[in-house]
$ cat protein.csv   # CSV, C-alpha atoms
chain,number,residue,atom,x,y,z
A,1,MET,CA,-54.5,-64.1,0.6
A,2,THR,CA,-51.1,-62.7,1.6
A,3,LEU,CA,-49.6,-60.5,-1.1
A,4,ALA,CA,-45.9,-59.6,-1.5
A,5,PHE,CA,-44.2,-57.3,-4.0
A,6,VAL,CA,-40.8,-57.7,-5.6
A,7,PHE,CA,-38.9,-55.2,-7.6
A,8,PRO,CA,-36.5,-55.9,-10.5
A,9,GLY,CA,-33.0,-54.5,-10.9
A,10,GLN,CA,-30.6,-53.9,-13.8
A,11,GLY,CA,-31.2,-56.1,-16.9
A,12,SER,CA,-35.0,-55.5,-17.0
A,13,GLN,CA,-34.7,-52.0,-18.7
A,14,SER,CA,-35.6,-51.4,-22.3
A,15,VAL,CA,-36.4,-48.4,-24.4
A,16,GLY,CA,-40.1,-47.6,-24.3
A,17,MET,CA,-40.6,-49.8,-21.2
A,18,MET,CA,-43.3,-47.4,-19.7
A,19,ALA,CA,-45.5,-47.2,-22.7
A,20,ALA,CA,-47.7,-50.2,-21.8
A,21,TYR,CA,-48.8,-48.6,-18.5
A,22,GLY,CA,-50.9,-45.8,-20.1
A,23,GLU,CA,-51.0,-42.1,-19.2
A,24,HIS,CA,-51.8,-42.0,-15.5
A,25,PRO,CA,-50.4,-38.8,-13.8
A,26,ALA,CA,-48.7,-41.0,-11.2
A,27,LEU,CA,-46.3,-42.2,-13.9
A,28,ARG,CA,-45.2,-38.9,-15.4
A,29,ASP,CA,-45.1,-37.2,-12.0
A,30,THR,CA,-42.7,-39.8,-10.7
A,31,PHE,CA,-40.4,-39.4,-13.6
A,32,SER,CA,-40.6,-35.6,-13.3
A,33,GLU,CA,-39.5,-35.8,-9.7
A,34,ALA,CA,-36.5,-38.0,-10.7
A,35,SER,CA,-35.6,-35.6,-13.6
A,36,GLU,CA,-35.4,-32.7,-11.2
A,37,VAL,CA,-32.8,-34.6,-9.1
A,38,LEU,CA,-30.9,-35.9,-12.1
A,39,GLY,CA,-30.8,-32.7,-14.2
A,40,TYR,CA,-32.0,-34.3,-17.4
A,41,ASP,CA,-35.4,-35.6,-18.8
A,42,LEU,CA,-35.5,-39.2,-17.6
A,43,TRP,CA,-38.9,-39.9,-19.2
A,44,THR,CA,-37.6,-39.0,-22.6
A,45,ARG,CA,-34.4,-41.0,-22.1
A,46,VAL,CA,-36.5,-44.1,-21.2
A,47,ALA,CA,-39.1,-43.5,-23.9
A,48,ASP,CA,-36.7,-42.7,-26.8
A,49,GLY,CA,-33.3,-44.1,-25.8
A,50,PRO,CA,-30.9,-44.7,-27.4
A,51,ALA,CA,-30.5,-48.1,-25.8
A,52,GLU,CA,-26.7,-47.7,-25.4
A,53,VAL,CA,-27.2,-44.7,-23.2
A,54,LEU,CA,-30.1,-46.2,-21.2
A,55,ASN,CA,-28.0,-49.3,-20.6
A,56,GLN,CA,-25.1,-47.4,-19.0
A,57,THR,CA,-25.1,-48.2,-15.3
A,58,VAL,CA,-25.4,-44.6,-14.2
A,59,HIS,CA,-28.6,-44.2,-16.3
A,60,THR,CA,-30.0,-47.7,-15.8
A,61,GLN,CA,-30.1,-47.5,-12.0
A,62,PRO,CA,-32.2,-44.3,-11.7
A,63,ALA,CA,-34.4,-45.4,-14.6
A,64,MET,CA,-35.3,-48.7,-13.0
A,65,LEU,CA,-35.9,-47.2,-9.6
A,66,ALA,CA,-38.2,-44.6,-11.1
A,67,ALA,CA,-40.0,-47.2,-13.2
A,68,GLY,CA,-40.7,-49.5,-10.2
A,69,VAL,CA,-41.8,-46.6,-8.0
A,70,ALA,CA,-44.1,-45.3,-10.7
A,71,VAL,CA,-45.8,-48.6,-11.2
A,72,TYR,CA,-46.2,-49.1,-7.5
A,73,ARG,CA,-47.8,-45.6,-7.2
A,74,LEU,CA,-50.1,-46.4,-10.1
A,75,TRP,CA,-51.0,-49.7,-8.4
A,76,ARG,CA,-52.0,-47.8,-5.2
A,77,ALA,CA,-53.7,-44.9,-7.0
A,78,GLN,CA,-55.9,-47.4,-8.8
A,79,GLY,CA,-57.0,-49.0,-5.5
A,80,GLY,CA,-54.5,-51.9,-5.4
A,81,ALA,CA,-53.9,-53.4,-1.9
A,82,GLU,CA,-50.9,-52.7,0.2
A,83,PRO,CA,-48.6,-55.8,0.2
A,84,SER,CA,-47.5,-57.5,3.4
A,85,LEU,CA,-43.9,-58.0,2.5
A,86,MET,CA,-41.4,-56.6,-0.1
A,87,ALA,CA,-38.0,-57.4,-1.6
A,88,GLY,CA,-36.0,-56.2,-4.5
A,89,HIS,CA,-33.3,-57.9,-6.6
A,90,SER,CA,-30.0,-55.9,-6.1
A,91,LEU,CA,-30.9,-52.3,-7.2
A,92,GLY,CA,-34.6,-53.3,-6.7
A,93,GLU,CA,-34.0,-53.3,-3.0
A,94,TYR,CA,-33.8,-49.4,-3.2
A,95,THR,CA,-37.2,-49.4,-5.0
A,96,ALA,CA,-38.7,-51.6,-2.3
A,97,LEU,CA,-37.4,-49.4,0.5
A,98,THR,CA,-38.8,-46.3,-1.3
A,99,CYS,CA,-42.2,-47.9,-1.8
A,100,ALA,CA,-42.2,-49.0,1.9
A,101,GLY,CA,-41.5,-45.4,3.0
A,102,ALA,CA,-38.0,-45.9,4.3
A,103,LEU,CA,-36.4,-43.6,1.7
A,104,ALA,CA,-37.9,-40.4,0.2
A,105,PHE,CA,-38.0,-40.8,-3.6
A,106,PRO,CA,-35.6,-37.9,-4.4
A,107,ASP,CA,-33.1,-39.2,-1.8
A,108,ALA,CA,-33.3,-42.7,-3.4
A,109,ILE,CA,-32.6,-41.3,-6.8
A,110,LYS,CA,-29.5,-39.5,-5.4
A,111,LEU,CA,-28.4,-42.6,-3.7
A,112,VAL,CA,-28.6,-45.0,-6.7
A,113,ARG,CA,-26.8,-42.5,-8.9
A,114,ILE,CA,-24.0,-42.3,-6.3
A,115,ARG,CA,-24.1,-46.1,-6.1
A,116,ALA,CA,-23.8,-46.5,-9.8
A,117,GLU,CA,-20.9,-44.0,-10.0
A,118,ALA,CA,-19.1,-45.7,-7.1
A,119,MET,CA,-19.5,-49.2,-8.6
A,120,GLN,CA,-18.2,-48.0,-12.0
A,121,SER,CA,-15.2,-46.3,-10.4
A,122,ALA,CA,-14.3,-49.2,-8.1
A,123,VAL,CA,-13.0,-51.4,-10.9
A,124,PRO,CA,-11.5,-50.2,-14.1
A,125,GLU,CA,-13.4,-51.3,-17.2
A,126,GLY,CA,-12.2,-54.7,-18.5
A,127,VAL,CA,-10.7,-55.8,-15.1
A,128,GLY,CA,-13.9,-57.3,-13.7
A,129,ALA,CA,-16.5,-59.7,-15.2
A,130,MET,CA,-19.6,-61.7,-14.4
A,131,ALA,CA,-21.0,-64.9,-15.8
A,132,ALA,CA,-24.1,-67.0,-15.4
A,133,VAL,CA,-23.6,-70.7,-14.6
A,134,LEU,CA,-26.5,-73.0,-15.3
A,135,GLY,CA,-27.0,-76.6,-14.1
A,136,LEU,CA,-24.6,-76.8,-11.2
A,137,ASP,CA,-25.4,-77.1,-7.5
A,138,ASP,CA,-24.4,-74.2,-5.2
A,139,GLU,CA,-21.8,-76.1,-3.2
A,140,THR,CA,-20.0,-77.4,-6.2
A,141,LEU,CA,-19.9,-74.0,-7.7
A,142,ARG,CA,-18.6,-72.4,-4.5
A,143,ALA,CA,-15.8,-74.9,-4.4
A,144,GLY,CA,-15.0,-74.3,-8.0
A,145,CYS,CA,-14.8,-70.6,-7.5
A,146,ALA,CA,-12.3,-71.1,-4.6
A,147,GLU,CA,-10.2,-73.4,-6.8
A,148,ALA,CA,-10.3,-71.2,-9.9
A,149,ALA,CA,-9.6,-67.9,-8.0
A,150,GLN,CA,-5.8,-68.5,-7.9
A,151,GLY,CA,-5.2,-65.5,-5.7
A,152,GLU,CA,-7.7,-63.3,-7.5
A,153,VAL,CA,-11.3,-62.5,-6.6
A,154,LEU,CA,-13.9,-65.0,-7.8
A,155,GLU,CA,-17.2,-65.5,-6.0
A,156,ALA,CA,-20.7,-66.9,-6.4
A,157,VAL,CA,-22.7,-63.7,-6.1
A,158,ASN,CA,-26.3,-64.1,-7.4
A,159,PHE,CA,-28.2,-67.2,-6.2
A,160,ASN,CA,-31.1,-66.5,-8.5
A,161,ALA,CA,-32.8,-69.9,-8.8
A,162,PRO,CA,-31.8,-73.5,-8.3
A,163,GLY,CA,-29.1,-74.3,-10.8
A,164,GLN,CA,-28.9,-70.7,-11.9
A,165,VAL,CA,-26.1,-68.8,-10.2
A,166,VAL,CA,-24.0,-65.8,-11.3
A,167,ILE,CA,-20.2,-65.6,-10.5
A,168,ALA,CA,-18.2,-62.4,-10.4
A,169,GLY,CA,-14.6,-61.2,-9.9
A,170,HIS,CA,-11.5,-60.5,-11.9
A,171,LYS,CA,-12.1,-61.3,-15.5
A,172,SER,CA,-9.3,-63.9,-15.8
A,173,ALA,CA,-10.7,-65.6,-12.7
A,174,VAL,CA,-14.2,-65.6,-14.1
A,175,ASP,CA,-12.9,-67.2,-17.3
A,176,ARG,CA,-11.1,-69.9,-15.3
A,177,GLY,CA,-14.3,-70.4,-13.2
A,178,CYS,CA,-16.5,-70.8,-16.3
A,179,ALA,CA,-14.1,-73.4,-17.7
A,180,LEU,CA,-13.9,-75.3,-14.4
A,181,ALA,CA,-17.7,-75.2,-14.0
A,182,LYS,CA,-18.2,-76.8,-17.4
A,183,GLU,CA,-15.7,-79.5,-16.4
A,184,ARG,CA,-17.7,-80.1,-13.2
A,185,GLY,CA,-20.9,-80.6,-15.1
A,186,ALA,CA,-22.5,-77.2,-15.7
A,187,LYS,CA,-24.8,-77.1,-18.7
A,188,ARG,CA,-23.7,-73.6,-19.7
A,189,ALA,CA,-21.4,-70.8,-18.4
A,190,LEU,CA,-22.3,-67.6,-20.1
A,191,PRO,CA,-20.3,-64.3,-19.8
A,192,LEU,CA,-22.7,-61.4,-19.0
A,193,PRO,CA,-22.5,-58.1,-20.9
A,194,VAL,CA,-21.7,-55.9,-17.8
A,195,SER,CA,-18.9,-53.5,-17.0
A,196,VAL,CA,-19.1,-53.9,-13.2
A,197,PRO,CA,-18.5,-57.1,-11.2
A,198,SER,CA,-21.3,-56.6,-8.8
A,199,HIS,CA,-21.8,-58.2,-5.4
A,200,CYS,CA,-18.2,-59.4,-4.9
A,201,ALA,CA,-15.2,-58.2,-2.8
A,202,LEU,CA,-14.1,-55.9,-5.6
A,203,MET,CA,-17.0,-53.7,-4.7
A,204,LYS,CA,-15.9,-52.9,-1.1
A,205,PRO,CA,-14.5,-49.5,-2.1
A,206,ALA,CA,-17.9,-48.7,-3.6
A,207,ALA,CA,-19.6,-49.7,-0.4
A,208,GLU,CA,-17.4,-47.4,1.6
A,209,LYS,CA,-18.4,-44.4,-0.7
A,210,LEU,CA,-22.0,-45.4,-0.4
A,211,LEU,CA,-21.8,-45.5,3.4
A,212,VAL,CA,-20.5,-41.9,3.4
A,213,ALA,CA,-23.3,-40.8,1.1
A,214,MET,CA,-26.0,-42.5,3.2
A,215,ALA,CA,-24.8,-40.8,6.4
A,216,SER,CA,-26.5,-37.6,5.2
A,217,ILE,CA,-29.7,-39.3,3.9
A,218,SER,CA,-32.7,-39.6,6.2
A,219,ILE,CA,-33.9,-43.2,6.5
A,220,SER,CA,-37.1,-44.2,8.3
A,221,THR,CA,-38.5,-47.4,9.6
A,222,PRO,CA,-40.3,-49.1,6.6
A,223,SER,CA,-44.1,-49.3,6.9
A,224,ILE,CA,-43.9,-52.7,5.2
A,225,PRO,CA,-41.1,-55.2,6.0
A,226,VAL,CA,-38.4,-55.4,3.3
A,227,LEU,CA,-36.2,-58.5,3.1
A,228,HIS,CA,-32.6,-57.5,2.3
A,229,ASN,CA,-30.4,-59.4,-0.2
A,230,ALA,CA,-27.4,-59.6,2.0
A,231,ASP,CA,-29.0,-61.3,5.1
A,232,VAL,CA,-32.6,-62.3,4.1
A,233,ALA,CA,-33.8,-60.2,7.1
A,234,SER,CA,-35.9,-57.0,7.5
A,235,HIS,CA,-34.4,-54.1,9.4
A,236,ALA,CA,-36.3,-51.4,11.3
A,237,SER,CA,-33.5,-49.2,12.3
A,238,PRO,CA,-31.9,-46.6,9.9
A,239,ASP,CA,-28.4,-47.8,10.8
A,240,GLY,CA,-29.5,-51.4,10.1
A,241,ILE,CA,-30.8,-50.5,6.7
A,242,ARG,CA,-27.6,-48.5,5.9
A,243,ASP,CA,-25.5,-51.4,6.9
A,244,ALA,CA,-27.5,-53.9,4.8
A,245,LEU,CA,-27.4,-51.6,1.7
A,246,ALA,CA,-23.6,-51.2,2.0
A,247,ARG,CA,-23.0,-54.9,2.5
A,248,GLN,CA,-25.3,-55.7,-0.5
A,249,LEU,CA,-22.7,-54.3,-2.8
A,250,PHE,CA,-20.1,-56.9,-1.9
A,251,SER,CA,-22.3,-59.7,-0.7
A,252,PRO,CA,-24.3,-62.4,-2.6
A,253,VAL,CA,-27.9,-61.7,-3.6
A,254,ARG,CA,-29.7,-64.5,-1.8
A,255,TRP,CA,-32.8,-64.5,-3.9
A,256,VAL,CA,-33.7,-68.2,-3.5
A,257,GLU,CA,-33.6,-67.8,0.3
A,258,SER,CA,-35.6,-64.6,0.2
A,259,MET,CA,-38.4,-66.2,-1.8
A,260,GLN,CA,-38.3,-69.3,0.5
A,261,SER,CA,-38.7,-66.8,3.4
A,262,PHE,CA,-41.7,-65.3,1.7
A,263,ALA,CA,-43.3,-68.8,1.5
A,264,ALA,CA,-42.4,-69.5,5.2
A,265,GLN,CA,-44.2,-66.2,6.2
A,266,GLY,CA,-47.4,-67.3,4.5
A,267,VAL,CA,-47.2,-65.3,1.2
A,268,THR,CA,-49.7,-66.8,-1.3
A,269,ARG,CA,-49.2,-64.4,-4.2
A,270,ILE,CA,-46.3,-62.2,-5.5
A,271,ALA,CA,-46.3,-59.3,-7.9
A,272,GLU,CA,-43.2,-58.3,-9.8
A,273,CYS,CA,-43.6,-54.5,-9.8
A,274,GLY,CA,-42.0,-52.9,-12.8
A,275,PRO,CA,-40.9,-53.6,-16.4
A,276,GLY,CA,-39.9,-57.1,-17.4
A,277,LYS,CA,-40.5,-60.6,-16.2
A,278,VAL,CA,-37.1,-61.7,-14.9
A,279,LEU,CA,-38.2,-62.2,-11.3
A,280,ALA,CA,-41.4,-64.0,-12.3
A,281,GLY,CA,-39.3,-66.4,-14.3
A,282,LEU,CA,-36.9,-67.1,-11.4
A,283,ASN,CA,-39.7,-67.5,-8.9
A,284,LYS,CA,-41.4,-70.1,-11.0
A,285,ARG,CA,-38.3,-72.2,-10.5
A,286,ILE,CA,-38.1,-71.5,-6.7
A,287,LEU,CA,-41.6,-71.6,-5.5
A,288,ASP,CA,-44.2,-74.4,-5.9
A,289,GLY,CA,-47.8,-73.2,-5.8
A,290,ILE,CA,-47.1,-69.5,-5.2
A,291,PRO,CA,-47.6,-67.6,-8.4
A,292,THR,CA,-45.6,-64.4,-9.3
A,293,VAL,CA,-47.5,-62.0,-11.6
A,294,ALA,CA,-45.4,-59.7,-13.7
A,295,LEU,CA,-47.0,-56.2,-13.7
A,296,THR,CA,-45.7,-55.3,-17.2
A,297,ASP,CA,-48.7,-53.3,-18.4
A,298,ALA,CA,-52.0,-51.7,-17.3
A,299,SER,CA,-54.1,-54.8,-17.9
A,300,ALA,CA,-51.9,-56.8,-15.6
A,301,LEU,CA,-52.4,-54.3,-12.8
A,302,LEU,CA,-56.1,-54.4,-13.3
A,303,GLU,CA,-56.2,-58.2,-13.4
A,304,LEU,CA,-54.3,-58.4,-10.1
A,305,ARG,CA,-56.4,-55.7,-8.4
A,306,ASN,CA,-59.5,-57.6,-9.3
A,307,ALA,CA,-58.0,-60.9,-8.0
A,308,THR,CA,-57.0,-59.3,-4.7
A,309,THR,CA,-60.1,-57.3,-3.8
$ encode --input "protein.csv" --output "structure tokens"
Amino acid sequence: MTLAFVFPGQGSQSVGMMAAYGEHPALRDTFSEASEVLGYDLWTRVADGPAEVLNQTVHTQPAMLAAGVAVYRLWRAQGGAEPSLMAGHSLGEYTALTCAGALAFPDAIKLVRIRAEAMQSAVPEGVGAMAAVLGLDDETLRAGCAEAAQGEVLEAVNFNAPGQVVIAGHKSAVDRGCALAKERGAKRALPLPVSVPSHCALMKPAAEKLLVAMASISISTPSIPVLHNADVASHASPDGIRDALARQLFSPVRWVESMQSFAAQGVTRIAECGPGKVLAGLNKRILDGIPTVALTDASALLELRNATT
């Protein structure tokens, strides 16, 4: 059996999301480390909310990073096997790199906070938008984006599963893109409740700020290969990792290709490490015969450990 781990990003957070994992010291210690960097009690914010605060980008990104690292530490502390490959969806890529030893956890917390602030400041609120388009093939959607852009930014940015792609750019262009997608046969085109148009060209100013911040952060060769969203490749050099993380901000998340690469490399089981089941749901549509187990509570960790030892 070849085991891979994947880590979720924004959208999987919820108030109380750590309660189902129990009281192991690995959980609280991880959040304590994060709280020291952030200057506020992250555990209490996650446990008690309110949701409108937790859902703010600058709070969501550190919270999801800490949650994923905490669950992975719990997995390893309880005797769980080391995976052979890792990947993370958007923000989750930082979690994967941390768990693979490329980033020190305090540095990763600093970076994702800077990333969130840079993303928020790159585009004034209300100028950008994102929408999920369902039931249209990738090439038809790309062509529709090019037609609907009309001089503005409009791109297909998250290739999440076959027939499930997110578009992003200027709000007016996204509105035109949704209308055109429906004309071209999309089953649905749903605006997403986000304040930042992630993974499109509007994020290039944020990428420049992130590169500056990463110049002073120590990055090591990962002990476990991590597939990056931007190029579906693993990088061993610190500069290669910095470049991939910067490009990720304004490049599509190539999730379908990443999971197909897992399959090509012999992965036979995948664990979604952290709260939620978003990636398990996507992978069910991408991969045939390779299960993804969502580690959403203590019993799921125990069940997977027993199945892989």
$ residues_around --input "protein.csv" --residues "A:Ala122" --least-positions-apart "2" --cutoff "7 Å" --atoms "all atoms listed in the file" --output "list of chain:residue names"
A:Ala118, A:Met119, A:Gln120, A:Pro124, A:Met203, A:Pro205, A:Ala206
$ residues_near_point --input "protein.csv" --point "(-40.9, -61.6, -13.9)" --cutoff "8 Å" --atoms "all atoms listed in the file" --output "compact mmCIF listing (two decimals) with C-alpha atoms, in the frame of the given file"
# COMPACT_ATOMS: atom_id res chain seq x y z
CA PRO A 8 -36.50 -55.90 -10.50
CA GLU A 272 -43.20 -58.30 -9.80
CA GLY A 276 -39.90 -57.10 -17.40
CA LYS A 277 -40.50 -60.60 -16.20
CA VAL A 278 -37.10 -61.70 -14.90
CA LEU A 279 -38.20 -62.20 -11.30
CA ALA A 280 -41.40 -64.00 -12.30
CA GLY A 281 -39.30 -66.40 -14.30
CA LEU A 282 -36.90 -67.10 -11.40
CA ASN A 283 -39.70 -67.50 -8.90
CA THR A 292 -45.60 -64.40 -9.30
CA VAL A 293 -47.50 -62.00 -11.60
CA ALA A 294 -45.40 -59.70 -13.70
$ atom_distance --input "protein.csv" --atom1 "atom CA of A:Glu257" --atom2 "atom CA of A:Ala149"
25.4 Å
$ closest_residue --input "protein.csv" --among "A:Gly289, A:Gly151, A:Gly92, A:Gly79" --to "A:Leu227" --atoms "only C-alpha atoms"
A:Gly92
$ atom_distance --input "protein.csv" --atom1 "atom CA of A:Val212" --atom2 "atom CA of A:Asp107"
13.9 Å
$ atom_distance --input "protein.csv" --atom1 "atom CA of A:Val157" --atom2 "atom CA of A:Ala207"
15.4 Å
$ closest_residue --input "protein.csv" --among "A:Leu38, A:Val6, A:Ala132, A:Ala236" --to "A:Ile219" --atoms "only C-alpha atoms"
A:Ala236
$ closest_residue --input "protein.csv" --among "A:Ile109, A:Met214, A:Leu85, A:Ala244" --to "A:Glu36" --atoms "all atoms listed in the file"
A:Ile109
$ residues_around --input "protein.csv" --residues "stretch 142-147 of chain A" --least-positions-apart "2" --cutoff "7 Å" --atoms "all atoms listed in the file" --output "CSV table (one decimal) with C-alpha atoms, keeping the file's coordinate frame"
chain,number,residue,atom,x,y,z
A,138,ASP,CA,-24.4,-74.2,-5.2
A,139,GLU,CA,-21.8,-76.1,-3.2
A,140,THR,CA,-20.0,-77.4,-6.2
A,149,ALA,CA,-9.6,-67.9,-8.0
A,150,GLN,CA,-5.8,-68.5,-7.9
A,154,LEU,CA,-13.9,-65.0,-7.8
A,155,GLU,CA,-17.2,-65.5,-6.0
A,156,ALA,CA,-20.7,-66.9,-6.4
A,177,GLY,CA,-14.3,-70.4,-13.2
A,180,LEU,CA,-13.9,-75.3,-14.4
A,181,ALA,CA,-17.7,-75.2,-14.0
$ closest_residue --input "protein.csv" --among "A:Thr221, A:Ala67, A:Arg73, A:Ala131" --to "A:Ala179" --atoms "all atoms listed in the file"
A:Ala131
$ residues_around --input "protein.csv" --residues "A:Thr57" --least-positions-apart "4" --cutoff "10 Å" --atoms "all atoms listed in the file" --output "ChimeraX atom specification"
/A:10,53,61-63,112-113,115-117,119-120,194-196
$ write_last_selection --input "protein.csv" --atoms "C-alpha atoms" --output "compact mmCIF listing (two decimals), in the coordinates of the input"
# COMPACT_ATOMS: atom_id res chain seq x y z
CA GLN A 10 -30.60 -53.90 -13.80
CA VAL A 53 -27.20 -44.70 -23.20
CA GLN A 61 -30.10 -47.50 -12.00
CA PRO A 62 -32.20 -44.30 -11.70
CA ALA A 63 -34.40 -45.40 -14.60
CA VAL A 112 -28.60 -45.00 -6.70
CA ARG A 113 -26.80 -42.50 -8.90
CA ARG A 115 -24.10 -46.10 -6.10
CA ALA A 116 -23.80 -46.50 -9.80
CA GLU A 117 -20.90 -44.00 -10.00
CA MET A 119 -19.50 -49.20 -8.60
CA GLN A 120 -18.20 -48.00 -12.00
CA VAL A 194 -21.70 -55.90 -17.80
CA SER A 195 -18.90 -53.50 -17.00
CA VAL A 196 -19.10 -53.90 -13.20
$ residues_around --input "protein.csv" --residues "A:Asp231" --least-positions-apart "3" --cutoff "10 Å" --atoms "only C-alpha atoms" --output "PDB file with C-alpha atoms, keeping the file's coordinate frame"
ATOM      1  CA  LEU A 227     -36.200 -58.500   3.100  1.00  0.00           C
ATOM      2  CA  HIS A 228     -32.600 -57.500   2.300  1.00  0.00           C
ATOM      3  CA  SER A 234     -35.900 -57.000   7.500  1.00  0.00           C
ATOM      4  CA  HIS A 235     -34.400 -54.100   9.400  1.00  0.00           C
ATOM      5  CA  ALA A 244     -27.500 -53.900   4.800  1.00  0.00           C
ATOM      6  CA  ARG A 247     -23.000 -54.900   2.500  1.00  0.00           C
ATOM      7  CA  GLN A 248     -25.300 -55.700  -0.500  1.00  0.00           C
ATOM      8  CA  SER A 251     -22.300 -59.700  -0.700  1.00  0.00           C
ATOM      9  CA  PRO A 252     -24.300 -62.400  -2.600  1.00  0.00           C
ATOM     10  CA  VAL A 253     -27.900 -61.700  -3.600  1.00  0.00           C
ATOM     11  CA  ARG A 254     -29.700 -64.500  -1.800  1.00  0.00           C
ATOM     12  CA  GLU A 257     -33.600 -67.800   0.300  1.00  0.00           C
ATOM     13  CA  SER A 258     -35.600 -64.600   0.200  1.00  0.00           C
TER      14      SER A 258
END
$ closest_residue --input "protein.csv" --among "A:Leu134, A:Val256, A:Ala104, A:Ala4" --to "A:Glu82" --atoms "only C-alpha atoms"
A:Ala4
$ closest_residue --input "protein.csv" --among "A:Ala201, A:Ala161, A:Ala298, A:Val15" --to "A:Val71" --atoms "only C-alpha atoms"
A:Ala298
$ residues_around --input "protein.csv" --residues "stretch 74-77 of chain A" --least-positions-apart "2" --cutoff "8 Å" --atoms "all atoms listed in the file" --output "count of residues only"
11
$ residues_near_point --input "protein.csv" --point "(-36.5, -47.8, -22.8)" --cutoff "10 Å" --atoms "only C-alpha atoms" --output "ChimeraX atom specification"
/A:12-19,43-51,53-55,60,63-64,275
